[in-house]
$ cat data_28.cif   # mmCIF, C-alpha atoms
data_my_file
loop_
_atom_site.label_atom_id
_atom_site.label_comp_id
_atom_site.auth_asym_id
_atom_site.auth_seq_id
_atom_site.Cartn_x
_atom_site.Cartn_y
_atom_site.Cartn_z
CA MET Y 254 15.65 -15.02 16.66
CA GLU Y 255 14.32 -14.07 20.08
CA ILE Y 256 11.42 -11.63 20.01
CA SER Y 257 9.40 -10.04 22.76
CA VAL Y 258 5.87 -9.00 21.82
CA GLU Y 259 3.05 -7.55 23.89
CA VAL Y 260 -0.15 -9.38 22.97
CA ASN Y 261 -3.37 -8.15 24.59
CA GLY Y 262 -1.39 -6.62 27.43
CA ALA Y 263 0.79 -9.66 28.22
CA THR Y 264 4.41 -9.87 27.12
CA HIS Y 265 5.49 -13.03 25.28
CA THR Y 266 9.12 -13.85 24.64
CA SER Y 267 9.78 -16.53 22.06
CA ASP Y 268 12.41 -17.81 19.68
CA VAL Y 269 11.04 -17.71 16.12
CA GLU Y 270 12.40 -18.29 12.63
CA PRO Y 271 12.64 -15.03 10.69
CA ARG Y 272 10.24 -16.44 8.09
CA THR Y 273 7.46 -17.01 10.65
CA LEU Y 274 4.42 -14.96 9.67
CA LEU Y 275 2.85 -12.90 12.41
CA VAL Y 276 -0.50 -14.68 12.07
CA HIS Y 277 1.17 -18.06 12.62
CA TYR Y 278 3.05 -16.67 15.61
CA ILE Y 279 -0.23 -15.47 17.13
CA ARG Y 280 -2.07 -18.74 16.46
CA ASP Y 281 0.63 -21.35 16.96
CA VAL Y 282 3.09 -19.78 19.40
CA VAL Y 283 0.91 -17.51 21.53
CA GLY Y 284 -2.04 -19.90 21.09
CA LEU Y 285 -4.71 -17.33 20.25
CA THR Y 286 -6.75 -18.85 17.43
CA GLY Y 287 -9.41 -16.15 17.11
CA THR Y 288 -7.38 -14.54 14.33
CA ASN Y 289 -8.15 -16.49 11.16
CA VAL Y 290 -6.09 -17.19 8.07
CA GLY Y 291 -8.23 -16.63 5.00
CA CYS Y 292 -6.67 -15.91 1.64
CA ASP Y 293 -3.10 -15.67 2.93
CA THR Y 294 -2.41 -13.07 0.22
CA SER Y 295 -3.34 -9.82 2.04
CA SER Y 296 -6.66 -9.58 0.20
CA CYS Y 297 -9.41 -10.88 2.52
CA GLY Y 298 -8.64 -9.23 5.87
CA ALA Y 299 -9.64 -12.26 8.00
CA CYS Y 300 -6.25 -12.02 9.77
CA THR Y 301 -6.63 -8.33 10.69
CA ILE Y 302 -5.24 -7.41 14.09
CA HIS Y 303 -4.03 -4.14 15.62
CA VAL Y 304 -0.33 -3.32 15.74
CA ASN Y 305 0.21 -0.32 18.00
CA GLY Y 306 -3.50 0.45 17.62
CA GLU Y 307 -3.71 0.30 13.81
CA ALA Y 308 -5.38 -2.43 11.74
CA VAL Y 309 -2.91 -4.54 9.76
CA LYS Y 310 -3.08 -7.88 7.96
CA SER Y 311 -1.06 -10.29 10.08
CA CYS Y 312 -0.48 -12.68 7.15
CA THR Y 313 1.64 -9.97 5.53
CA MET Y 314 3.94 -9.19 8.39
CA LEU Y 315 6.79 -11.19 9.86
CA ALA Y 316 6.71 -12.03 13.55
CA VAL Y 317 10.20 -10.50 13.85
CA GLN Y 318 8.76 -7.20 12.61
CA ALA Y 319 6.44 -7.22 15.63
CA ASP Y 320 9.34 -7.49 18.08
CA GLY Y 321 8.84 -4.85 20.78
CA GLN Y 322 5.43 -3.83 19.43
CA SER Y 323 2.02 -3.96 21.07
CA LEU Y 324 -0.62 -6.18 19.44
CA THR Y 325 -4.35 -6.49 20.05
CA THR Y 326 -6.28 -9.48 18.74
CA ILE Y 327 -9.98 -10.24 18.88
CA GLU Y 328 -9.40 -11.99 22.23
CA GLY Y 329 -8.12 -8.72 23.70
CA LEU Y 330 -11.29 -6.68 23.16
CA ALA Y 331 -13.70 -7.90 25.82
CA ASN Y 332 -13.34 -6.89 29.43
CA GLY Y 333 -14.25 -10.13 31.19
CA ASP Y 334 -17.87 -10.83 30.29
CA GLN Y 335 -18.32 -7.30 29.00
CA MET Y 336 -17.98 -7.31 25.21
CA HIS Y 337 -16.41 -4.43 23.32
CA PRO Y 338 -19.07 -2.03 21.94
CA MET Y 339 -18.18 -3.17 18.40
CA GLN Y 340 -18.73 -6.80 19.35
CA GLU Y 341 -22.06 -5.80 20.94
CA ALA Y 342 -23.04 -3.95 17.76
CA PHE Y 343 -22.16 -6.94 15.56
CA MET Y 344 -24.34 -9.14 17.78
CA GLU Y 345 -27.25 -6.67 17.91
CA CYS Y 346 -27.25 -6.14 14.13
CA HIS Y 347 -26.75 -9.82 13.20
CA ALA Y 348 -23.56 -8.78 11.44
CA LEU Y 349 -22.24 -12.31 11.11
CA GLN Y 350 -23.32 -15.41 9.27
CA CYS Y 351 -20.63 -18.12 9.13
CA GLY Y 352 -18.40 -15.95 11.31
CA TYR Y 353 -15.11 -16.59 9.55
CA CYS Y 354 -14.48 -12.98 8.54
CA THR Y 355 -15.87 -11.62 11.81
CA PRO Y 356 -12.71 -11.25 13.93
CA GLY Y 357 -11.00 -9.36 11.09
CA MET Y 358 -14.12 -7.31 10.39
CA VAL Y 359 -14.42 -6.29 14.05
CA MET Y 360 -10.72 -5.33 14.28
CA ALA Y 361 -10.88 -3.35 11.00
CA SER Y 362 -14.10 -1.64 12.13
CA ILE Y 363 -12.60 -0.50 15.43
CA SER Y 364 -9.57 0.91 13.62
CA LEU Y 365 -11.90 2.64 11.15
CA LEU Y 366 -13.82 4.41 13.95
CA ASP Y 367 -10.56 5.35 15.69
CA GLU Y 368 -9.59 7.25 12.54
CA ASN Y 369 -13.06 8.47 11.60
CA PRO Y 370 -15.39 8.42 14.64
CA ASN Y 371 -18.43 9.62 12.72
CA PRO Y 372 -18.37 8.01 9.27
CA THR Y 373 -21.06 8.07 6.61
CA GLU Y 374 -22.34 4.78 5.26
CA ALA Y 375 -20.19 5.27 2.15
CA GLU Y 376 -17.12 5.87 4.32
CA VAL Y 377 -17.80 2.66 6.24
CA ARG Y 378 -18.08 0.67 3.01
CA GLU Y 379 -14.90 2.28 1.67
CA GLY Y 380 -13.12 1.84 5.00
CA LEU Y 381 -13.85 -1.89 5.07
CA GLU Y 382 -12.68 -2.48 1.50
CA GLY Y 383 -9.85 -4.61 2.82
CA ASN Y 384 -12.18 -7.17 4.39
CA LEU Y 385 -14.17 -9.73 2.44
CA CYS Y 386 -17.29 -11.53 3.69
CA ARG Y 387 -17.95 -14.50 1.43
CA CYS Y 388 -21.43 -14.90 2.92
CA THR Y 389 -21.84 -11.42 1.39
CA GLY Y 390 -23.35 -10.19 4.65
CA TYR Y 391 -22.06 -6.67 4.19
CA HIS Y 392 -25.35 -4.90 4.77
CA ASN Y 393 -25.59 -5.82 8.46
CA ILE Y 394 -21.86 -5.34 9.00
CA VAL Y 395 -22.15 -1.74 7.79
CA LYS Y 396 -25.23 -1.30 9.99
CA ALA Y 397 -23.28 -2.57 12.99
CA VAL Y 398 -20.38 -0.17 12.42
CA LEU Y 399 -22.76 2.77 12.03
CA SER Y 400 -24.59 1.65 15.16
CA ALA Y 401 -21.33 1.40 17.13
CA ALA Y 402 -20.36 4.87 15.91
CA GLY Y 403 -23.74 6.22 17.03
CA GLY Y 404 -23.34 4.57 20.40
CA ALA Y 405 -19.97 6.20 20.89
CA LYS Y 406 -21.40 9.69 20.39
CA MET I 266 2.28 -19.88 2.36
CA ILE I 267 5.58 -19.45 4.15
CA PRO I 268 8.67 -17.94 2.53
CA VAL I 269 11.89 -19.85 1.98
CA SER I 270 14.23 -19.56 5.00
CA PHE I 271 16.34 -16.42 5.11
CA ASP I 272 18.66 -14.58 7.42
CA TYR I 273 17.34 -11.39 8.98
CA ALA I 274 19.09 -8.24 10.08
CA ARG I 275 17.56 -5.04 11.41
CA ALA I 276 19.28 -1.84 10.33
CA GLY I 277 19.15 1.12 12.70
CA SER I 278 20.27 3.68 10.13
CA ALA I 279 20.55 4.15 6.37
CA ASP I 280 24.33 3.79 6.62
CA GLU I 281 23.96 0.50 8.45
CA ALA I 282 21.51 -0.75 5.80
CA ILE I 283 23.89 0.27 2.99
CA ALA I 284 26.81 -1.47 4.71
CA LEU I 285 24.72 -4.64 5.01
CA LEU I 286 23.77 -4.37 1.33
CA ALA I 287 27.43 -3.98 0.39
CA GLU I 288 28.29 -7.03 2.48
CA HIS I 289 25.57 -9.32 1.13
CA GLY I 290 25.25 -8.06 -2.45
CA ASP I 291 22.59 -9.58 -4.68
CA GLU I 292 21.60 -12.07 -1.98
CA ALA I 293 20.03 -9.29 0.12
CA LYS I 294 16.77 -7.36 -0.14
CA LEU I 295 15.64 -4.37 1.87
CA MET I 296 12.25 -4.69 3.56
CA ALA I 297 10.31 -1.65 4.77
CA GLY I 298 6.57 -2.24 5.28
CA GLY I 299 6.97 -5.52 3.44
CA HIS I 300 3.76 -5.15 1.45
CA SER I 301 5.42 -5.69 -1.92
CA LEU I 302 8.34 -7.95 -1.00
CA LEU I 303 6.68 -10.28 1.50
CA PRO I 304 3.84 -11.36 -0.84
CA MET I 305 6.45 -12.13 -3.51
CA MET I 306 8.48 -14.14 -0.98
CA LYS I 307 5.37 -16.07 0.07
CA LEU I 308 4.66 -16.92 -3.56
CA ARG I 309 8.39 -17.79 -3.89
CA LEU I 310 8.77 -15.33 -6.73
CA ALA I 311 11.47 -13.73 -4.55
CA TYR I 312 13.80 -15.67 -2.26
CA PRO I 313 16.48 -13.39 -0.84
CA ALA I 314 18.98 -15.16 1.40
CA MET I 315 19.14 -12.06 3.59
CA VAL I 316 16.33 -9.67 4.49
CA ILE I 317 17.49 -6.30 5.81
CA ASP I 318 14.68 -4.75 7.83
CA ILE I 319 14.82 -0.96 7.44
CA GLU I 320 11.38 -0.25 8.86
CA ARG I 321 12.68 1.17 12.14
CA ILE I 322 14.99 3.81 10.71
CA ALA I 323 12.98 6.54 12.37
CA ASP I 324 14.69 9.52 10.70
CA LEU I 325 13.49 8.42 7.24
CA SER I 326 9.81 8.96 8.01
CA TYR I 327 8.82 12.59 7.46
CA ILE I 328 6.99 15.02 5.20
CA ASN I 329 8.80 18.36 5.00
CA ASP I 330 8.25 21.59 3.10
CA GLY I 331 11.36 21.98 0.93
CA GLY I 332 10.40 25.36 -0.56
CA ASP I 333 9.51 24.52 -4.16
CA HIS I 334 8.96 20.85 -3.37
CA LEU I 335 7.83 18.43 -0.69
CA ALA I 336 10.57 16.25 0.76
CA ILE I 337 9.14 12.91 1.84
CA GLY I 338 11.19 10.33 3.75
CA ALA I 339 11.40 6.94 2.04
CA LEU I 340 9.87 5.15 5.02
CA THR I 341 6.83 7.43 5.27
CA ARG I 342 3.77 5.24 5.35
CA HIS I 343 0.90 5.63 2.88
CA ARG I 344 -1.46 6.53 5.71
CA ALA I 345 0.76 9.47 6.73
CA ILE I 346 0.81 10.80 3.16
CA GLU I 347 -2.93 10.27 2.71
CA THR I 348 -3.72 12.32 5.82
CA SER I 349 -1.00 14.98 5.60
CA ALA I 350 -2.18 18.59 5.40
CA LEU I 351 1.06 19.54 3.60
CA VAL I 352 0.49 16.92 0.90
CA ALA I 353 -3.18 17.88 0.56
CA GLU I 354 -2.17 21.49 -0.03
CA HIS I 355 0.87 21.07 -2.27
CA ALA I 356 0.39 17.73 -3.99
CA PRO I 357 -3.33 16.87 -4.03
CA LEU I 358 -2.76 14.30 -6.80
CA LEU I 359 -0.36 12.42 -4.53
CA ALA I 360 -2.77 12.60 -1.58
CA HIS I 361 -5.65 11.27 -3.65
CA ALA I 362 -3.69 8.52 -5.41
CA THR I 363 -2.30 7.38 -2.07
CA SER I 364 -5.82 7.02 -0.70
CA GLN I 365 -6.47 4.56 -3.55
CA VAL I 366 -3.51 2.28 -2.73
CA GLY I 367 -4.64 -1.16 -1.52
CA ASP I 368 -6.87 -0.83 1.53
CA PRO I 369 -6.57 0.79 4.99
CA GLN I 370 -4.61 -2.13 6.45
CA VAL I 371 -2.14 -2.00 3.55
CA ARG I 372 -1.78 1.77 3.87
CA HIS I 373 -0.96 1.43 7.58
CA ARG I 374 2.10 -0.66 6.68
CA GLY I 375 3.23 0.18 3.15
CA THR I 376 5.79 2.92 2.56
CA PHE I 377 6.27 5.46 -0.25
CA GLY I 378 9.90 4.50 -0.82
CA GLY I 379 9.13 0.79 -0.75
CA SER I 380 6.39 1.16 -3.31
CA LEU I 381 8.68 3.07 -5.69
CA ALA I 382 11.67 0.75 -5.19
CA HIS I 383 9.44 -2.18 -6.13
CA ALA I 384 9.04 -0.36 -9.50
CA ASP I 385 5.80 -2.13 -10.34
CA ALA I 386 4.11 -0.78 -13.48
CA ALA I 387 0.76 -1.82 -11.95
CA ALA I 388 1.28 0.26 -8.78
CA ASP I 389 -0.24 3.71 -8.28
CA HIS I 390 2.70 5.75 -6.98
CA PRO I 391 5.13 5.41 -9.89
CA SER I 392 2.63 7.11 -12.22
CA VAL I 393 2.27 9.99 -9.75
CA LEU I 394 6.05 10.40 -9.53
CA LEU I 395 6.22 10.50 -13.35
CA ALA I 396 3.27 12.87 -13.85
CA MET I 397 4.44 15.27 -11.13
CA GLY I 398 8.06 15.17 -12.26
CA GLY I 399 9.42 14.07 -8.90
CA THR I 400 12.88 12.83 -8.07
CA VAL I 401 14.23 10.00 -5.95
CA VAL I 402 17.21 10.48 -3.64
CA ALA I 403 19.34 7.33 -3.53
CA LYS I 404 22.11 6.77 -1.00
CA GLY I 405 24.97 4.36 -1.47
CA PRO I 406 28.50 3.85 -0.15
CA GLY I 407 29.70 6.79 -2.28
CA GLY I 408 27.06 9.23 -1.04
CA GLU I 409 23.77 10.50 -2.39
CA ARG I 410 22.46 11.07 -5.90
CA GLU I 411 19.14 12.42 -7.15
CA ILE I 412 17.42 10.40 -9.87
CA ALA I 413 14.72 11.97 -12.06
CA ALA I 414 11.44 10.04 -12.25
CA GLY I 415 11.99 9.41 -15.96
CA ASP I 416 15.33 7.72 -15.28
CA PHE I 417 14.23 5.71 -12.26
CA PHE I 418 12.15 2.91 -13.78
CA ALA I 419 14.55 0.69 -15.71
CA GLY I 420 12.61 -2.49 -16.54
CA PHE I 421 10.00 -4.96 -15.36
CA LEU I 422 10.04 -4.66 -11.53
CA GLU I 423 13.45 -3.05 -11.91
CA SER I 424 14.62 0.38 -10.82
CA SER I 425 17.89 2.10 -11.61
CA LEU I 426 19.03 1.75 -7.98
CA ALA I 427 22.40 0.04 -7.70
CA ALA I 428 22.56 -3.15 -5.60
CA ASP I 429 24.12 -1.23 -2.71
CA GLU I 430 21.84 1.83 -2.85
CA MET I 431 18.62 2.60 -1.02
CA ILE I 432 16.02 5.34 -1.42
CA THR I 433 16.21 7.85 1.40
CA GLU I 434 13.91 10.59 0.16
CA ILE I 435 11.38 11.40 -2.56
CA ARG I 436 11.02 14.99 -3.78
CA ILE I 437 7.72 16.06 -5.27
CA PRO I 438 7.51 19.51 -6.92
CA LYS I 439 4.73 21.56 -5.40
CA HIS I 440 1.72 21.71 -7.63
CA THR I 441 1.04 25.20 -8.92
CA GLY I 442 -2.73 25.10 -9.03
CA GLY I 443 -3.15 23.24 -12.35
CA GLY I 444 -5.78 20.54 -12.74
CA TRP I 445 -5.00 16.91 -12.01
CA SER I 446 -6.67 13.53 -12.12
CA PHE I 447 -6.06 9.94 -11.11
CA GLN I 448 -8.24 7.35 -12.83
CA LYS I 449 -7.96 3.76 -11.65
CA PHE I 450 -9.93 0.95 -13.24
CA ASN I 451 -10.25 -2.33 -11.40
CA ARG I 452 -12.89 -4.94 -10.70
CA ARG I 453 -12.36 -5.45 -6.97
CA ALA I 454 -12.13 -2.53 -4.56
CA GLN I 455 -8.64 -3.17 -3.23
CA ASP I 456 -6.96 -4.50 -6.39
CA TRP I 457 -4.17 -3.09 -8.47
CA ALA I 458 -5.33 -1.09 -11.44
CA ILE I 459 -6.10 -3.14 -14.55
CA VAL I 460 -5.21 0.18 -16.21
CA GLY I 461 -4.80 3.61 -14.66
CA ALA I 462 -4.24 7.13 -15.98
CA THR I 463 -2.63 10.01 -14.12
CA VAL I 464 -2.63 13.63 -15.25
CA GLN I 465 -0.92 16.67 -13.74
CA ARG I 466 -1.10 20.12 -15.37
CA ASN I 467 1.59 22.59 -14.51
CA ASN I 468 2.22 26.07 -15.93
CA GLY I 469 0.63 25.33 -19.30
CA SER I 470 2.10 21.86 -19.84
CA THR I 471 0.29 18.60 -19.20
CA GLN I 472 2.01 15.45 -18.04
CA VAL I 473 0.27 12.12 -18.48
CA ALA I 474 1.40 8.78 -17.03
CA LEU I 475 -0.13 5.34 -17.34
CA VAL I 476 -0.49 2.46 -14.89
CA ASN I 477 -0.15 -1.17 -16.02
CA MET I 478 0.14 -0.36 -19.75
CA HIS I 479 3.80 -1.28 -20.24
CA PRO I 480 6.48 -3.39 -18.55
CA THR I 481 7.55 -0.22 -16.73
CA PRO I 482 5.64 2.75 -15.33
CA ILE I 483 5.52 5.13 -18.29
CA ARG I 484 4.61 8.60 -19.56
CA ALA I 485 2.08 8.71 -22.40
CA ALA I 486 4.41 10.67 -24.70
CA ALA I 487 2.10 10.57 -27.73
CA VAL I 488 -0.77 12.06 -25.70
CA GLU I 489 1.47 14.80 -24.30
CA GLU I 490 2.74 15.67 -27.80
CA ALA I 491 -0.78 15.82 -29.20
CA LEU I 492 -1.87 18.15 -26.40
CA ALA I 493 1.20 20.35 -26.89
CA GLY I 494 0.25 20.54 -30.56
CA GLY I 495 -3.22 21.83 -29.68
CA ALA I 496 -5.27 18.62 -29.88
CA SER I 497 -8.50 18.31 -27.92
CA ALA I 498 -8.68 15.94 -24.96
CA THR I 499 -10.72 13.49 -27.03
CA ASP I 500 -8.24 13.48 -29.91
CA ALA I 501 -5.17 13.39 -27.68
CA ALA I 502 -6.60 10.48 -25.68
CA GLU I 503 -6.86 8.43 -28.88
CA GLN I 504 -3.04 8.27 -28.75
CA ALA I 505 -2.94 6.75 -25.25
CA HIS I 506 -1.96 3.24 -26.41
CA VAL I 507 0.72 4.42 -28.85
CA GLY I 508 4.12 2.97 -27.99
CA MET I 509 2.71 0.85 -25.16
CA GLU I 510 3.29 -2.86 -24.74
CA PRO I 511 0.65 -3.91 -22.20
CA SER I 512 0.41 -7.51 -21.03
CA SER I 513 -2.50 -9.81 -21.66
CA ASP I 514 -3.67 -11.65 -18.55
CA LEU I 515 -6.74 -13.00 -16.74
CA ASN I 516 -8.05 -9.48 -16.18
CA ALA I 517 -7.70 -7.98 -19.63
CA SER I 518 -6.48 -8.61 -23.17
CA VAL I 519 -4.09 -6.25 -24.90
CA ASP I 520 -6.97 -4.79 -26.94
CA PHE I 521 -9.05 -4.17 -23.83
CA ARG I 522 -6.11 -2.52 -22.05
CA ASN I 523 -5.52 -0.27 -25.07
CA HIS I 524 -9.21 0.64 -25.02
CA LEU I 525 -9.13 1.33 -21.27
CA ALA I 526 -6.07 3.54 -21.68
CA ARG I 527 -7.84 5.70 -24.27
CA VAL I 528 -11.03 5.99 -22.18
CA LEU I 529 -9.25 6.64 -18.88
CA VAL I 530 -6.88 9.23 -20.37
CA ARG I 531 -9.84 11.08 -21.86
CA ARG I 532 -11.65 11.05 -18.51
CA ALA I 533 -8.49 12.11 -16.70
CA LEU I 534 -7.86 15.00 -19.11
CA ASN I 535 -11.48 16.11 -18.77
CA GLU I 536 -11.30 15.95 -14.98
CA ALA I 537 -8.08 17.96 -15.08
CA GLY I 538 -9.98 20.66 -16.97
CA ILE I 539 -9.01 19.94 -20.58
CA ASP I 540 -11.89 19.73 -23.05
#
$ encode --input "data_28.cif" --output "structure tokens"
Amino acid sequence: MEISVEVNGATHTSDVEPRTLLVHYIRDVVGLTGTNVGCDTSSCGACTIHVNGEAVKSCTMLAVQADGQSLTTIEGLANGDQMHPMQEAFMECHALQCGYCTPGMVMASISLLDENPNPTEAEVREGLEGNLCRCTGYHNIVKAVLSAAGGAK
Amino acid sequence: MIPVSFDYARAGSADEAIALLAEHGDEAKLMAGGHSLLPMMKLRLAYPAMVIDIERIADLSYINDGGDHLAIGALTRHRAIETSALVAEHAPLLAHATSQVGDPQVRHRGTFGGSLAHADAAADHPSVLLAMGGTVVAKGPGGEREIAAGDFFAGFLESSLAADEMITEIRIPKHTGGGWSFQKFNRRAQDWAIVGATVQRNNGSTQVALVNMHPTPIRAAAVEEALAGGASATDAAEQAHVGMEPSSDLNASVDFRNHLARVLVRRALNEAGID
């Protein structure tokens, strides 16, 4: 089936099988490998991207469901050499260890602040419940999100 | 994990979806947000030959004030229900339970109608529909019918929808100010409940429903009878496991589930204001 998807501002038209998962479309067809596959069962959040501005798990969506929609992946955040404020905050707060969960964490964190620009620490922890860090580096991730929220004030 | 190959059709209206269902019969499944069906297809527990995508039927996503009830379109996403001022005012139990479904990413995609049609005893929404006494509007080739919550859940992952019917609307009676509670026990933040208990009080009666305690979503009839007979919350909650056939799995044995049901029902009754 032919689909046309806007990914990070550029429109891609491709012929995909209906069973193609969105994350595989992004990685293998569009060629953007910043979005990771983790658990592949919509638990870990490593594959989180934005669909029309909202965080979703791209392992639990078909590419054909994204036809005509606008996607943002981790590659779409920076403006040239200028990182997104959430990426800056993750760097400043050492909010990554092995880095595998990081793209999904950053995408989920941006969506969280879009919906709740001034969260409490508890709200950040609750709001990131769909993202697992197996290095267990949650403390600095929460610090980074709070720092990014403060910076946006 | 990639699902078995299937054909895909996108329906632009409920009538179009129903016509496709009639054409493809048992081979077809409706997909809304896909957060129940797609995981099952990836695990190859479901392998429909035809997936009918109903996600874009725009006129089935709404939350309306229906007078004595809220009318919620089948394709309304969890996030919309969780953040709706109307739901917060008239069905706070539904608003709260919805905020406990999955995680934010799941709630951005999953739909109310999809969750109910999946008829999973471990899901949160069926217990809310049962405790609040809601109804499901089903549309088929012959028109619409309204199915009471108690008649909707027919078996393990099985609703009473006919093969050529789809949910178009869910009606939730407005809460009348009585206490309510939703108790969900799990070990990981985003998981399904190992056991859950849902209580809604309404004009002197108390309705209690259980999550993951039976092959189907179910009312705790023995608890409700004990309360109607004047029992205390503690005594009534002791009946929570009566008539239930919970499963034994990696998370919990039957005995532990029975124990959780008694504890969670007691907490839920207490939180709803029953001593």
$ closest_atom_pairs --input "data_28.cif" --of "region 316-343 of chain I" --to "region 378-398 of chain I" --cutoff "8 Å" --atoms "all atoms listed in the file" --output "tab-separated table"
residue	atom	partner	partner_atom	distance
I:Gly338	CA	I:Gly378	CA	7.5
I:Ala339	CA	I:Gly378	CA	4.0
I:Leu340	CA	I:Gly378	CA	5.9
I:Thr341	CA	I:Gly378	CA	7.4
$ interface_residues --input "data_28.cif" --of "chain I" --to "chain Y" --cutoff "7 Å" --atoms "all atoms listed in the file" --output "list in words"
Met266, Ile267, Pro268, Ser270, Phe271, Asp272, Tyr273, Gly299, His300, Leu303, Pro304, Asp368, Pro369, Gln370, Val371, His373, Ala454 and Gln455 of chain I
$ write_last_selection --input "data_28.cif" --atoms "C-alpha atoms" --output "compact mmCIF listing (two decimals), in the coordinates of the input"
# COMPACT_ATOMS: atom_id res chain seq x y z
CA MET I 266 2.28 -19.88 2.36
CA ILE I 267 5.58 -19.45 4.15
CA PRO I 268 8.67 -17.94 2.53
CA SER I 270 14.23 -19.56 5.00
CA PHE I 271 16.34 -16.42 5.11
CA ASP I 272 18.66 -14.58 7.42
CA TYR I 273 17.34 -11.39 8.98
CA GLY I 299 6.97 -5.52 3.44
CA HIS I 300 3.76 -5.15 1.45
CA LEU I 303 6.68 -10.28 1.50
CA PRO I 304 3.84 -11.36 -0.84
CA ASP I 368 -6.87 -0.83 1.53
CA PRO I 369 -6.57 0.79 4.99
CA GLN I 370 -4.61 -2.13 6.45
CA VAL I 371 -2.14 -2.00 3.55
CA HIS I 373 -0.96 1.43 7.58
CA ALA I 454 -12.13 -2.53 -4.56
CA GLN I 455 -8.64 -3.17 -3.23
$ residues_around --input "data_28.cif" --residues "region 490-507 of chain I" --least-positions-apart "4" --cutoff "12 Å" --atoms "only C-alpha atoms" --output "ChimeraX atom specification"
/I:460-464,466,469-479,483-486,511,519-540
$ atom_distance --input "data_28.cif" --atom1 "CA of Ser349 (chain I)" --atom2 "CA of Phe377 (chain I)"
13.3 Å
$ residues_around --input "data_28.cif" --residues "Ala331 (chain Y)" --least-positions-apart "5" --cutoff "12 Å" --atoms "all atoms listed in the file" --output "list in words"
Asn261, Thr325, Thr326, Met336, His337, Pro338, Met339, Gln340, Glu341 and Val359 of chain Y
$ atom_distance --input "data_28.cif" --atom1 "CA of Ile256 (chain Y)" --atom2 "CA of Gly321 (chain Y)"
7.3 Å
$ residues_around --input "data_28.cif" --residues "region 408-420 of chain I" --least-positions-apart "2" --cutoff "7 Å" --atoms "all atoms listed in the file" --output "list in words"
Ala384, Leu394, Leu395, Gly398, Gly399, Thr400, Val401, Val402, Ala403, Lys404, Gly405, Pro406, Leu422, Glu423, Ser424, Ser425, Pro480, Thr481 and Pro482 of chain I
$ write_last_selection --input "data_28.cif" --atoms "C-alpha atoms" --output "short mmCIF file (atom, residue, chain, number, x, y, z; two decimals), keeping the file's coordinate frame"
data_model
loop_
_atom_site.label_atom_id
_atom_site.label_comp_id
_atom_site.auth_asym_id
_atom_site.auth_seq_id
_atom_site.Cartn_x
_atom_site.Cartn_y
_atom_site.Cartn_z
CA ALA I 384 9.04 -0.36 -9.50
CA LEU I 394 6.05 10.40 -9.53
CA LEU I 395 6.22 10.50 -13.35
CA GLY I 398 8.06 15.17 -12.26
CA GLY I 399 9.42 14.07 -8.90
CA THR I 400 12.88 12.83 -8.07
CA VAL I 401 14.23 10.00 -5.95
CA VAL I 402 17.21 10.48 -3.64
CA ALA I 403 19.34 7.33 -3.53
CA LYS I 404 22.11 6.77 -1.00
CA GLY I 405 24.97 4.36 -1.47
CA PRO I 406 28.50 3.85 -0.15
CA LEU I 422 10.04 -4.66 -11.53
CA GLU I 423 13.45 -3.05 -11.91
CA SER I 424 14.62 0.38 -10.82
CA SER I 425 17.89 2.10 -11.61
CA PRO I 480 6.48 -3.39 -18.55
CA THR I 481 7.55 -0.22 -16.73
CA PRO I 482 5.64 2.75 -15.33
#
$ residues_around --input "data_28.cif" --residues "region 396-404 of chain Y" --least-positions-apart "3" --cutoff "8 Å" --atoms "only C-alpha atoms" --output "MDAnalysis selection string"
chainID Y and resid 338:339 342:343 345:346 348 362 366 370:374 377 392:393
$ closest_residue --input "data_28.cif" --among "I:His334, I:Arg372, I:His361, I:His355" --to "Glu434 (chain I)" --atoms "only C-alpha atoms"
I:His334
$ atom_distance --input "data_28.cif" --atom1 "CA of Ala428 (chain I)" --atom2 "CA of Ala287 (chain I)"
7.8 Å
$ build_atoms --input "data_28.cif" --residues "region 298-302 of chain I" --atoms "N, CA, C and O atoms" --output "tab-separated table (two decimals), in the coordinates of the input"
chain	number	residue	atom	x	y	z
I	298	GLY	N	7.85	-1.73	4.79
I	298	GLY	CA	6.57	-2.24	5.28
I	298	GLY	C	6.35	-3.69	4.89
I	298	GLY	O	5.51	-4.38	5.46
I	299	GLY	N	7.05	-4.12	3.85
I	299	GLY	CA	6.97	-5.52	3.44
I	299	GLY	C	5.77	-5.85	2.57
I	299	GLY	O	5.53	-7.01	2.27
I	300	HIS	N	5.00	-4.84	2.15
I	300	HIS	CA	3.76	-5.15	1.45
I	300	HIS	C	3.93	-5.39	-0.04
I	300	HIS	O	2.96	-5.74	-0.73
I	301	SER	N	5.13	-5.24	-0.56
I	301	SER	CA	5.42	-5.69	-1.92
I	301	SER	C	6.31	-6.93	-1.86
I	301	SER	O	6.05	-7.92	-2.55
I	302	LEU	N	7.35	-6.86	-1.04
I	302	LEU	CA	8.34	-7.95	-1.00
I	302	LEU	C	7.80	-9.22	-0.36
I	302	LEU	O	7.98	-10.32	-0.89
